[in-house]
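Next comes run.txt, with compact mmCIF, C-alpha atoms (C1' of nucleotides).
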```
# COMPACT_ATOMS: atom_id res chain seq x y z
CA MET A 343 -2.48 36.82 -14.90
CA ARG A 344 -3.62 33.36 -14.11
CA LYS A 345 -7.09 32.52 -12.96
CA ALA A 346 -7.29 30.85 -9.57
CA ASN A 347 -9.00 27.82 -10.99
CA SER A 348 -6.82 27.38 -14.04
CA THR A 349 -5.73 23.92 -15.04
CA ASN A 350 -2.25 24.64 -13.81
CA SER A 351 -3.20 25.58 -10.30
CA ILE A 352 -5.58 22.66 -10.08
CA ASN A 353 -2.71 20.43 -10.96
CA GLU A 354 -0.44 22.07 -8.44
CA THR A 355 -2.96 21.56 -5.69
CA ARG A 356 -3.49 17.99 -6.72
CA LEU A 357 0.21 17.37 -6.93
CA HIS A 358 0.61 18.63 -3.40
CA LEU A 359 -2.19 16.37 -2.18
CA LEU A 360 -0.70 13.42 -3.98
CA CYS A 361 2.77 13.94 -2.60
CA GLY A 362 1.29 14.00 0.87
CA MET A 363 -0.73 10.87 0.18
CA SER A 364 2.14 8.89 -1.19
CA HIS A 365 4.42 9.92 1.62
CA ALA A 366 1.82 9.07 4.24
CA LEU A 367 1.12 5.71 2.68
CA SER A 368 4.80 4.90 2.46
CA VAL A 369 5.05 5.54 6.19
CA ILE A 370 1.93 3.78 7.45
CA GLY A 371 0.93 1.59 4.52
CA GLY A 372 3.16 -1.42 5.09
CA ARG A 373 1.55 -4.79 5.55
CA TRP A 374 2.11 -4.86 9.34
CA LYS A 375 2.69 -1.26 10.28
CA ALA A 376 -0.81 -0.52 11.45
CA SER A 377 -0.71 -3.65 13.62
CA ILE A 378 2.52 -2.52 15.18
CA LEU A 379 1.33 1.02 15.71
CA PHE A 380 -1.93 -0.13 17.26
CA SER A 381 -0.13 -2.63 19.45
CA LEU A 382 2.26 -0.02 20.78
CA THR A 383 -0.66 2.18 21.71
CA ASP A 384 -0.89 0.12 24.89
CA GLY A 385 2.61 1.13 25.83
CA ARG A 386 6.15 -0.02 25.21
CA LYS A 387 6.64 -3.64 24.22
CA ARG A 388 9.49 -6.09 23.84
CA TYR A 389 10.18 -7.70 20.52
CA SER A 390 8.79 -11.01 21.75
CA GLU A 391 5.66 -9.33 23.02
CA LEU A 392 5.05 -7.77 19.65
CA ARG A 393 5.40 -11.15 18.03
CA LYS A 394 2.79 -12.65 20.32
CA ASP A 395 0.62 -9.63 19.87
CA ILE A 396 0.62 -9.75 16.10
CA PRO A 397 -0.36 -13.24 14.97
CA GLY A 398 0.95 -14.13 11.55
CA VAL A 399 3.99 -11.90 11.23
CA SER A 400 7.23 -13.56 10.33
CA GLU A 401 10.35 -12.46 12.17
CA ARG A 402 11.73 -11.08 8.97
CA MET A 403 8.76 -8.84 8.37
CA LEU A 404 8.38 -7.72 11.95
CA VAL A 405 11.98 -6.60 12.06
CA ALA A 406 11.81 -5.00 8.64
CA GLN A 407 8.72 -2.99 9.42
CA LEU A 408 10.00 -1.97 12.83
CA ARG A 409 13.19 -0.72 11.21
CA GLU A 410 11.22 1.33 8.72
CA LEU A 411 9.02 2.79 11.43
CA GLU A 412 12.14 3.60 13.39
CA ALA A 413 13.79 5.21 10.37
CA ASP A 414 10.68 7.30 9.82
CA GLY A 415 10.73 8.38 13.45
CA LEU A 416 7.45 6.80 14.53
CA VAL A 417 8.97 4.20 16.79
CA GLU A 418 11.84 4.29 19.23
CA ARG A 419 14.01 1.25 19.83
CA THR A 420 15.81 0.75 23.11
CA VAL A 421 18.44 -1.92 23.61
CA PHE A 422 19.21 -3.00 27.15
CA PRO A 423 22.76 -4.28 27.49
CA GLU A 424 21.82 -7.45 29.32
CA VAL A 425 22.15 -11.16 28.83
CA PRO A 426 19.87 -12.44 27.49
CA PRO A 427 19.25 -9.41 25.30
CA ARG A 428 16.24 -7.22 25.80
CA VAL A 429 14.91 -4.74 23.28
CA GLU A 430 11.90 -2.54 23.74
CA TYR A 431 9.88 -0.59 21.25
CA ALA A 432 7.73 2.44 21.95
CA LEU A 433 5.83 5.06 20.02
CA THR A 434 7.41 8.46 19.71
CA ASP A 435 5.30 11.60 19.87
CA PHE A 436 5.45 11.62 16.12
CA GLY A 437 4.23 8.04 16.07
CA ARG A 438 1.33 9.04 18.24
CA SER A 439 0.48 11.81 15.80
CA THR A 440 -0.63 9.17 13.31
CA GLN A 441 -3.42 7.93 15.51
CA PRO A 442 -6.20 10.28 14.44
CA MET A 443 -5.43 9.47 10.81
CA LEU A 444 -5.23 5.74 11.51
CA ARG A 445 -8.53 5.84 13.31
CA GLU A 446 -10.20 7.70 10.49
CA ILE A 447 -8.97 5.18 7.95
CA SER A 448 -10.06 2.29 10.15
CA ALA A 449 -13.44 3.84 10.75
CA TRP A 450 -14.08 4.39 7.06
CA GLY A 451 -12.99 0.85 6.28
CA ALA A 452 -15.02 -0.70 9.05
CA LYS A 453 -18.08 1.25 8.06
CA HIS A 454 -17.95 0.38 4.40
CA ARG A 455 -16.89 -3.20 4.19
CA LYS A 456 -19.64 -5.68 3.66
CA GLY A 457 -20.32 -8.63 5.94
CA MET B 1127 -16.92 -11.78 34.31
CA ARG B 1128 -14.38 -10.16 32.10
CA LYS B 1129 -12.81 -6.83 32.81
CA ALA B 1130 -13.39 -4.21 30.15
CA ASN B 1131 -9.69 -3.74 29.58
CA SER B 1132 -8.71 -7.39 29.53
CA THR B 1133 -6.22 -8.59 26.95
CA ASN B 1134 -8.99 -10.25 25.03
CA SER B 1135 -11.12 -7.19 24.59
CA ILE B 1136 -8.07 -5.14 23.69
CA ASN B 1137 -7.33 -7.63 20.98
CA GLU B 1138 -10.90 -7.60 19.74
CA THR B 1139 -10.85 -3.84 19.46
CA ARG B 1140 -7.53 -3.93 17.70
CA LEU B 1141 -8.69 -6.64 15.37
CA HIS B 1142 -11.66 -4.54 14.42
CA LEU B 1143 -9.47 -1.53 13.75
CA LEU B 1144 -7.10 -3.62 11.69
CA CYS B 1145 -9.84 -5.13 9.56
CA GLY B 1146 -11.07 -1.65 8.79
CA MET B 1147 -7.56 -0.45 7.97
CA SER B 1148 -6.75 -3.29 5.67
CA HIS B 1149 -10.05 -3.01 3.85
CA ALA B 1150 -9.68 0.74 3.44
CA LEU B 1151 -6.14 0.40 2.16
CA SER B 1152 -7.14 -2.29 -0.29
CA VAL B 1153 -9.71 0.12 -1.69
CA ILE B 1154 -7.71 3.35 -1.82
CA GLY B 1155 -4.13 2.15 -1.46
CA GLY B 1156 -3.32 1.29 -5.06
CA ARG B 1157 -0.46 3.09 -6.71
CA TRP B 1158 -2.72 5.36 -8.80
CA LYS B 1159 -6.03 5.29 -7.04
CA ALA B 1160 -5.62 8.50 -5.12
CA SER B 1161 -4.60 10.25 -8.34
CA ILE B 1162 -7.72 8.99 -10.05
CA LEU B 1163 -9.96 9.90 -7.16
CA PHE B 1164 -8.51 13.38 -6.87
CA SER B 1165 -8.74 13.89 -10.61
CA LEU B 1166 -12.39 12.92 -10.71
CA THR B 1167 -13.12 15.42 -7.96
CA ASP B 1168 -13.26 18.03 -10.73
CA GLY B 1169 -16.11 16.15 -12.36
CA ARG B 1170 -16.56 13.34 -14.85
CA LYS B 1171 -13.68 12.64 -17.22
CA ARG B 1172 -13.03 10.60 -20.31
CA TYR B 1173 -10.39 7.92 -20.31
CA SER B 1174 -8.08 10.06 -22.41
CA GLU B 1175 -8.54 13.00 -20.07
CA LEU B 1176 -7.55 10.89 -17.12
CA ARG B 1177 -4.42 9.80 -18.95
CA LYS B 1178 -3.42 13.39 -19.59
CA ASP B 1179 -4.32 14.31 -16.05
CA ILE B 1180 -2.18 11.63 -14.46
CA PRO B 1181 1.35 11.81 -15.83
CA GLY B 1182 3.22 8.56 -15.60
CA VAL B 1183 0.44 6.00 -15.59
CA SER B 1184 0.62 3.28 -18.13
CA GLU B 1185 -2.54 2.34 -19.95
CA ARG B 1186 -2.46 -1.04 -18.30
CA MET B 1187 -2.38 0.39 -14.81
CA LEU B 1188 -4.92 3.10 -15.45
CA VAL B 1189 -7.44 0.59 -16.72
CA ALA B 1190 -6.65 -1.90 -13.95
CA GLN B 1191 -7.08 0.62 -11.17
CA LEU B 1192 -10.21 2.07 -12.73
CA ARG B 1193 -11.70 -1.41 -12.88
CA GLU B 1194 -10.91 -2.01 -9.23
CA LEU B 1195 -12.39 1.31 -8.21
CA GLU B 1196 -15.45 0.46 -10.26
CA ALA B 1197 -15.72 -2.99 -8.68
CA ASP B 1198 -15.48 -1.40 -5.24
CA GLY B 1199 -18.22 1.03 -6.17
CA LEU B 1200 -16.19 4.24 -5.98
CA VAL B 1201 -16.26 5.03 -9.65
CA GLU B 1202 -18.94 4.72 -12.27
CA ARG B 1203 -18.10 3.92 -15.87
CA THR B 1204 -20.33 5.00 -18.70
CA VAL B 1205 -19.89 3.78 -22.26
CA PHE B 1206 -21.40 5.84 -25.05
CA PRO B 1207 -22.24 3.73 -28.08
CA GLU B 1208 -20.58 6.00 -30.59
CA VAL B 1209 -17.85 5.81 -33.16
CA PRO B 1210 -15.17 6.61 -32.16
CA PRO B 1211 -15.87 5.18 -28.72
CA ARG B 1212 -16.35 7.41 -25.73
CA VAL B 1213 -16.14 6.30 -22.13
CA GLU B 1214 -16.60 8.51 -19.12
CA TYR B 1215 -15.69 7.97 -15.52
CA ALA B 1216 -17.25 9.68 -12.53
CA LEU B 1217 -17.20 9.41 -8.79
CA THR B 1218 -20.17 7.77 -7.13
CA ASP B 1219 -21.54 9.08 -3.84
CA PHE B 1220 -19.56 6.32 -2.21
CA GLY B 1221 -16.45 7.47 -4.02
CA ARG B 1222 -17.02 10.96 -2.72
CA SER B 1223 -17.26 9.57 0.81
CA THR B 1224 -13.53 8.84 0.69
CA GLN B 1225 -12.62 12.48 0.36
CA PRO B 1226 -12.43 13.49 4.01
CA MET B 1227 -10.24 10.48 4.66
CA LEU B 1228 -8.07 11.14 1.63
CA ARG B 1229 -7.62 14.74 2.67
CA GLU B 1230 -6.64 13.78 6.17
CA ILE B 1231 -4.05 11.36 4.89
CA SER B 1232 -2.71 13.95 2.46
CA ALA B 1233 -2.61 16.60 5.11
CA TRP B 1234 -0.70 14.42 7.53
CA GLY B 1235 1.73 13.39 4.82
CA ALA B 1236 2.25 16.91 3.56
CA LYS B 1237 2.80 18.22 7.06
CA HIS B 1238 5.34 15.63 8.05
CA ARG B 1239 7.50 15.04 5.07
CA LYS B 1240 10.78 16.80 5.06
CA GLY B 1241 11.97 19.13 2.34
C1' DC C 1076 16.12 -13.28 23.27
C1' DA C 1077 16.36 -10.77 19.28
C1' DG C 1078 17.59 -10.85 15.42
C1' DA C 1079 20.50 -11.73 10.59
C1' DA C 1080 21.06 -14.34 6.32
C1' DT C 1081 19.48 -16.83 2.56
C1' DC C 1082 16.37 -18.49 -0.75
C1' DC C 1083 11.98 -18.43 -2.94
C1' DA C 1084 7.02 -17.39 -4.37
C1' DA C 1085 3.65 -14.18 -5.39
C1' DA C 1086 1.87 -9.77 -6.32
C1' DA C 1087 2.21 -5.25 -8.18
C1' DT C 1088 3.83 -2.37 -11.68
C1' DG C 1089 5.74 -1.10 -16.17
C1' DA C 1090 6.83 -0.99 -21.44
C1' DT C 1091 5.14 -1.78 -25.63
C1' DA C 1092 2.74 -3.56 -29.57
C1' DC C 1093 -1.72 -4.52 -31.24
C1' DT C 1094 -7.13 -4.07 -32.03
C1' DG C 1095 -12.53 -3.30 -32.39
C1' DC D 864 -10.63 6.34 -28.71
C1' DA D 865 -10.35 3.10 -25.35
C1' DG D 866 -8.72 -0.25 -24.42
C1' DT D 867 -6.29 -5.71 -24.59
C1' DA D 868 -2.38 -8.90 -24.72
C1' DT D 869 2.14 -10.14 -23.65
C1' DC D 870 6.41 -10.01 -21.49
C1' DA D 871 9.79 -8.05 -18.23
C1' DT D 872 10.89 -6.08 -13.95
C1' DT D 873 10.31 -4.50 -9.30
C1' DT D 874 8.47 -4.93 -4.89
C1' DT D 875 6.74 -7.42 -1.20
C1' DG D 876 5.98 -11.20 1.71
C1' DG D 877 7.17 -15.78 3.65
C1' DA D 878 9.82 -20.17 5.28
C1' DT D 879 13.75 -21.69 7.14
C1' DT D 880 18.23 -21.93 9.19
C1' DC D 881 21.81 -19.80 11.82
C1' DT D 882 24.05 -16.73 15.62
C1' DG D 883 25.88 -13.20 19.37
```

Full structure transcribed into structure tokens:
Amino acid sequence: MRKANSTNSINETRLHLLCGMSHALSVIGGRWKASILFSLTDGRKRYSELRKDIPGVSERMLVAQLRELEADGLVERTVFPEVPPRVEYALTDFGRSTQPMLREISAWGAKHRKG
Amino acid sequence: MRKANSTNSINETRLHLLCGMSHALSVIGGRWKASILFSLTDGRKRYSELRKDIPGVSERMLVAQLRELEADGLVERTVFPEVPPRVEYALTDFGRSTQPMLREISAWGAKHRKG
DNA sequence: CAGAATCCAAAATGATACTG
DNA sequence: CAGTATCATTTTGGATTCTG
């Protein structure tokens, strides 16, 4: 019978924590994902609005990160069949569920960086 | 007189959040940093113990990430002037301050990954 | 307008052999 | 034991040009 604090169960707990961490970071850890997520907090935005709203992103990266967020279910993409084309992005409920976590990370970072 | 919810103040708030995020991720976002931090939660460890405790790290990466954590003040490194050499790593108070954040990230990730 | 495609640079990570 | 040094590879980000 194994003790509750045996090396094995410590490792199992840690493994579980680490899997969660690495999954979470793969979802929200991209270079521009937090920017996108924060920007969409205001409400749905067009592609061009996101570009203006996030100074410094290249088109390539903005699209890439949006596609990943979409694939992970945080962001919903709506294409309007018009000419010229219009595409809007919005947070899903799942996307909104990241906000407490995002805020906690931001708060820790803001509190502890120097300058 | 500027309205409280003007575009500018929204951007300032967001900018502040983003600075915090990016700083926090630069501190805890490395490939092995969470593993190290979680491992040291048990108490101080020798270099060789960390290696055993973190399957898959290369020596190069373990040292590199430990040095970064040390530079950022999360981890304290103690060298014992013995032969053979002995070096121990431990969390600082600042390092321990990451734990609520780390747990929240882990919890979100564990809750929302499939399978 | 909203991107796709292509090419390239830089950073992060890894494998492995060697050393005080 | 606790690293360092070196080289290879993978991942990530960016600039630019083109298109339905």

_With only C-alpha atoms (C1' of nucleotides) as the counted atoms, please give the residues lying no more than 8 Å from stretch 1159-1169 of chain B, apart from itself and same-chain residues fewer than 6 positions off, as a ChimeraX atom specification._
/A:356,360,363 /B:1176,1179-1180,1191-1192,1195,1215-1217,1221-1222,1228

*asked:* Taking all atoms listed in the file into account, find every residue of chain B that has an atom no more than 7 Å from chain D, and write it out as a list in words.
replied: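 Going by the stated atoms only, the list reads Tyr1173, Pro1210, Pro1211 and Arg1212 of chain B.
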
*What are the residues of chain C that have an atom within 9 Å of an atom of chain B, counting all atoms listed in the file, as a PyMOL selection string?*
chain C and resi 1087-1090

Listing only residues of chain B within 8 Å of chain A, what is the closest atom pair and its distance in Å (to one decimal) for each, using all atoms listed in the file, sorted by chain and residue number ascending, as a tab-separated table?
```
residue	atom	partner	partner_atom	distance
B:Arg1140	CA	A:Phe380	CA	6.8
B:His1142	CA	A:Ala452	CA	7.4
B:Leu1143	CA	A:Ser448	CA	5.3
B:Leu1144	CA	A:Ser377	CA	6.7
B:Cys1145	CA	A:Ala452	CA	6.8
B:Gly1146	CA	A:Gly451	CA	4.0
B:Met1147	CA	A:Ser448	CA	4.3
B:Ser1148	CA	A:Gly451	CA	7.5
B:His1149	CA	A:Gly451	CA	5.4
B:Ala1150	CA	A:Gly451	CA	4.4
B:Leu1151	CA	A:Gly371	CA	7.5
B:Gly1155	CA	A:Leu367	CA	7.6
B:Ala1160	CA	A:Leu360	CA	7.1
B:Ser1161	CA	A:Leu360	CA	6.7
B:Phe1164	CA	A:Arg356	CA	6.8
B:Ser1165	CA	A:Arg356	CA	7.7
B:Thr1224	CA	A:Trp450	CA	7.8
B:Met1227	CA	A:Ile447	CA	6.4
B:Leu1228	CA	A:Met363	CA	7.5
B:Arg1229	CA	A:Leu359	CA	7.5
B:Glu1230	CA	A:Met443	CA	6.4
B:Ile1231	CA	A:Met363	CA	5.8
B:Ser1232	CA	A:Gly362	CA	4.3
B:Ala1233	CA	A:Gly362	CA	6.3
B:Trp1234	CA	A:Ala366	CA	6.8
B:Gly1235	CA	A:Gly362	CA	4.0
B:Ala1236	CA	A:Gly362	CA	4.1
B:Lys1237	CA	A:Gly362	CA	7.6
B:Arg1239	CA	A:His365	CA	6.9
```

*Between atom CA of B:Arg1177 and atom CA of B:Arg1203, what is the spacing in Å?*
15.2 Å

Spatial sel., origin (18.1, -8.9, 16.6), limit 9 Å, all atoms listed in the file, listed as a PDB file with C-alpha atoms (C1' of nucleotides), keeping the file's coordinate frame:
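Output below, filename selection-v7.pdb:
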```
ATOM      1  CA  TYR A 389      10.180  -7.700  20.520  1.00  0.00           C
ATOM      2  CA  VAL A 405      11.980  -6.600  12.060  1.00  0.00           C
ATOM      3  CA  PRO A 427      19.250  -9.410  25.300  1.00  0.00           C
ATOM      4  CA  VAL A 429      14.910  -4.740  23.280  1.00  0.00           C
TER       5      VAL A 429
ATOM      6  C1'  DC C1076      16.120 -13.280  23.270  1.00  0.00           C
ATOM      7  C1'  DA C1077      16.360 -10.770  19.280  1.00  0.00           C
ATOM      8  C1'  DG C1078      17.590 -10.850  15.420  1.00  0.00           C
ATOM      9  C1'  DA C1079      20.500 -11.730  10.590  1.00  0.00           C
TER      10       DA C1079
END
```

*How many Å lie between atom CA of B:Ser1174 and atom CA of B:Val1201, rounded to one decimal?*
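A separation of 16.0 Å between them.
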
_atom CA of B:Arg1170 to atom CA of B:Glu1202, distance in Å rounded to a single decimal_ = 9.3 Å
